[in-house]
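Following: one structure in structure tokens, then a few remarks.
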Amino acid sequence: MNILVTGGAGFIGSHTVIALAEAGFTPIILDDFSNSDRRVLRGLEKILKQQPHCYAENCHSPSVLSRVFREQKIDGVIHFAAFKSVGESMQEPLKYYDNNIGSLIVLLQTMLEHDIPNLIFSSSATVYGQPNVLPVKEDTPEQPVASVYGHTKLIGEEILRDVAAAQKPLKAISLRYFNPIGAHPSAHIGELPLGVPNNLVPFITQTAAGIRPMLTVFGQDYPTPDGTCLRDYIHVMDLAEAHVAAMQYLLKQNGPTIYEVFNVGMGRGVSVLELVKTFEMVSGKPLNHRIGERRPGDVAAVYADVSKIRTQLGWSAKREVEEALRDAWRWQQCLSQH
Ligand code: UD1
């Protein structure tokens, strides 16, 4: 079966391409490389032992999508293509609304025209804001969302809910990702942040590699056991496999209209300092770090209740944080050698 993966050259997209192929699907990438790197295709080829099928085009265009749907028999779509920088989204809100919401609308319209019902949408734990109750469940009341990026995810989910409520022939799942980290164990693909990384793990691995002088831990006065923020870090290959489980679930459903939301995490809160210590252990290197000010917009703690996805999709994370950090470090070392 052919699965179209928009944003398939990105961090989560490229790992999902591997997981799809391992499960017997044929992934077809649609990615305009505006925020990804063509080197990913070489890495994918090494792992898959063949060139992945790739359209280097923008999925915001109805004519591009129609052509892809005419040329390939597509059984389902996984929609990753979106802008994802929280900071930039606050500076350029229209760019984010236009790209992230616009492309979802065009994709849905074109899928309905071509009788393709199955869709997985990349959502994020950011839709919960700072939850009052932990761990967060899918029906935990949402708190105000802190960024334009977060709004685009929330609105994307609402669009899917509304289209399903109108009984359109759409079978869709939103996956709310917690904090994906790690890399493929082969070190042929991994995260490729442009410029200074915003996210914790790429910053840690770049500091250990000597690219950054020091990690700043953003705040140690949070109401958490060691004062630093708690997050639910999940290995990107586990997250990739959750997409496969979600697609397999949709393909088995007979009803014409389905819409479901699932958390995807480990179900555990890990603090910034715990993550730093674990990294030092797996890499065997002390990490140069200091405690700094809080980062505006950060929430103290967020981690998932993962019982819904375990019960309904039979998926749960298999890899520990140690393994994710080891894979991220191996990937960083390969990158540094090139
Ligand atoms: C961030 C985004 C979130 C997005 C996710 C994608 C914000 C506010 N949220 O989540 O919307 O879906 O990335 O992965 O940007 N930290 C440091 N020092 C650093 C970097 C991070 O101490 O140099 C801390 C942060 O304060 C946080 C934790 O590490 O407590 C994780 O940060 P990060 O990797 O940026 O993820 P989130 O902020 O959880």
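A note on labels: chains of the structure tokens are A, B, ... as shown, every chain counts residues from 1, and ligands are counted from 1 in their shown order.
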For this session: Using only C-alpha atoms, determine which residues lie at most 6 Å from region 85-96 of chain A, disregarding the query and same-chain residues fewer than 4 positions distant; provide the list as a count of residues only.
Result: 3
Exercise. Using only C-alpha atoms and all ligand atoms, what are the residues with an atom within 7 Å of ligand 1, set out as a PyMOL selection string?
Worked result: chain A and resi 86+124-126+149-150+179-180+198-201+203+215-219+228-231+272+294-295+297-298
Problem set entry | Selected residue of minimal separation from Ala245 (chain A) among A:Val163, A:Met281, A:Ala81, A:Val264, counting only C-alpha atoms |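 Going through A:Val163, A:Met281, A:Ala81, A:Val264 one by one, the smallest distance to Ala245 (chain A) is for A:Val264.
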Problem set entry | Residue list (alpha helix (DSSP H), DSSP) for region 154-308 of chain A, as a VMD selection string | chain A and resid 154 to 165 200 to 208 236 to 252 272 to 283 307 to 308
Exercise. Which one of A:Ser186, A:Gln332, A:Asn99, A:Ser174 sits closest to Ile18 (chain A) if you count only C-alpha atoms?
Worked result: A:Ser186
Exercise. Could you pull out all residues of region 93-294 of chain A with a DSSP call of strand (DSSP E) and give them as a PyMOL selection string?
Worked result: chain A and resi 118-124+171-177+179-181+215-218+230-231+233-235+258-264+270-271+289-292
Problem set entry | Two-atom distance - CA of Cys59 (chain A), CA of Val127 (chain A) (Å) | 23.6 Å
For this session: Find the residue from A:Ala23, A:Val5, A:Ile234, A:Val106 that sits nearest to Phe121 (chain A); use only C-alpha atoms when measuring.
Result: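 The answer is A:Val5, which sits nearest to Phe121 (chain A).
Candidate residues A:Glu274, A:Asp305, A:Glu280, A:Glu191 were compared for distance to Phe178 (chain A), and the nearest is A:Asp305, using only C-alpha atoms.
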For this session: Find the residue from A:Gly76, A:Gly284, A:Gly227, A:Pro135 that sits nearest to Lys171 (chain A); use only C-alpha atoms when measuring.
Result: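 Looking at the shortest contact to Lys171 (chain A), the residue is A:Gly76.
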For this session: Can you pull out every residue within 7 Å of Arg268 (chain A), counting only C-alpha atoms, but drop anything in the same chain fewer than 5 positions away, and send it as JSON, numbers by chain?
Result: {"A": [232, 303, 304]}
Problem set entry | Given only C-alpha atoms as the counted atoms, nearest of A:Gly267, A:Ile309, A:Ile181, A:Tyr222 to Glu322 (chain A) | A:Ile181
Exercise. Counting only C-alpha atoms, what is within 12 Å of Glu45 (chain A), bar same-chain residues fewer than 3 positions away, as a PyMOL selection string?
Worked result: chain A and resi 9+14+17-18+21+38-42+48-54+188-189
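Relative to CA of Glu138 (chain A), CA of Leu160 (chain A) is found at 15.4 Å.
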Problem set entry | Nearby residues (only C-alpha atoms) at most 9 Å from Pro169 (chain A), same-chain spacing under 3 positions excluded, as a ChimeraX atom specification | /A:112,115-117,163-164,255-258
I'd like the contact shell of Lys277 (chain A) - 12 Å cut-off, only C-alpha atoms, skipping same-chain residues fewer than 2 positions apart - returned as an mmCIF file with C-alpha atoms, in the first residue's frame.
```cif
data_model
loop_
_atom_site.group_PDB
_atom_site.id
_atom_site.type_symbol
_atom_site.label_atom_id
_atom_site.label_comp_id
_atom_site.auth_asym_id
_atom_site.auth_seq_id
_atom_site.Cartn_x
_atom_site.Cartn_y
_atom_site.Cartn_z
ATOM 1 C CA ILE A 204 23.234 19.105 24.280
ATOM 2 C CA VAL A 270 12.072 13.685 32.901
ATOM 3 C CA SER A 271 13.755 16.869 34.153
ATOM 4 C CA VAL A 272 16.319 18.885 32.197
ATOM 5 C CA LEU A 273 19.035 18.023 34.741
ATOM 6 C CA GLU A 274 18.140 14.313 34.669
ATOM 7 C CA LEU A 275 18.466 14.393 30.898
ATOM 8 C CA PHE A 279 23.569 12.137 28.482
ATOM 9 C CA GLU A 280 26.826 12.372 30.442
ATOM 10 C CA MET A 281 26.449 8.726 31.384
ATOM 11 C CA VAL A 282 25.779 7.404 27.866
ATOM 12 C CA SER A 283 28.374 9.607 26.147
ATOM 13 C CA GLY A 284 31.012 9.251 28.871
ATOM 14 C CA LYS A 285 31.619 13.016 28.597
ATOM 15 C CA PRO A 286 30.926 15.725 31.180
ATOM 16 C CA LEU A 287 28.617 18.352 29.686
ATOM 17 C CA ASN A 288 29.501 21.988 30.132
ATOM 18 C CA HIS A 289 26.321 23.591 31.506
ATOM 19 C CA VAL A 321 15.648 7.713 27.096
ATOM 20 C CA GLU A 322 19.215 6.304 27.391
ATOM 21 C CA LEU A 325 20.391 9.900 23.809
#
```
Exercise. Leaving out Glu142 (chain A) and any residue of its chain fewer than 6 positions from it, which residues lie within 10 Å of it when counting only C-alpha atoms, given as a list of chain:residue names?
Worked result: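 My list of contacting residues is A:Thr126, A:Val127, A:Tyr128, A:Gly129, A:Gln130, A:Pro131, A:Asn132, A:Val136, A:Leu154.
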Any chance you could export the current selection's N, CA and C atoms as a CSV table (one decimal), in the first residue's frame?
```csv
chain,number,residue,atom,x,y,z
A,126,THR,N,1.8,20.8,22.7
A,126,THR,CA,1.6,22.2,22.9
A,126,THR,C,0.2,22.6,22.9
A,127,VAL,N,-0.8,21.8,22.4
A,127,VAL,CA,-2.2,22.2,22.5
A,127,VAL,C,-2.7,22.2,23.9
A,128,TYR,N,-2.0,21.5,24.8
A,128,TYR,CA,-2.5,21.5,26.2
A,128,TYR,C,-2.1,22.7,27.0
A,129,GLY,N,-1.2,23.6,26.5
A,129,GLY,CA,-0.7,24.7,27.3
A,129,GLY,C,-0.1,24.2,28.6
A,130,GLN,N,-0.3,24.9,29.7
A,130,GLN,CA,0.2,24.3,31.0
A,130,GLN,C,-1.0,23.6,31.7
A,131,PRO,N,-1.0,22.3,31.6
A,131,PRO,CA,-2.2,21.6,32.1
A,131,PRO,C,-2.3,21.6,33.6
A,132,ASN,N,-3.5,21.6,34.1
A,132,ASN,CA,-3.7,21.6,35.6
A,132,ASN,C,-3.5,20.3,36.2
A,136,VAL,N,-1.3,14.3,31.3
A,136,VAL,CA,-2.5,14.8,30.6
A,136,VAL,C,-3.1,13.7,29.7
A,154,LEU,N,-3.8,23.5,17.1
A,154,LEU,CA,-5.1,23.4,17.6
A,154,LEU,C,-6.2,23.6,16.6
```
Problem set entry | Interatomic distance, CA of Val145 (chain A) to CA of Ile78 (chain A) (Å, one decimal) |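 CA of Ile78 (chain A) lies at a distance of 24.0 Å from CA of Val145 (chain A).
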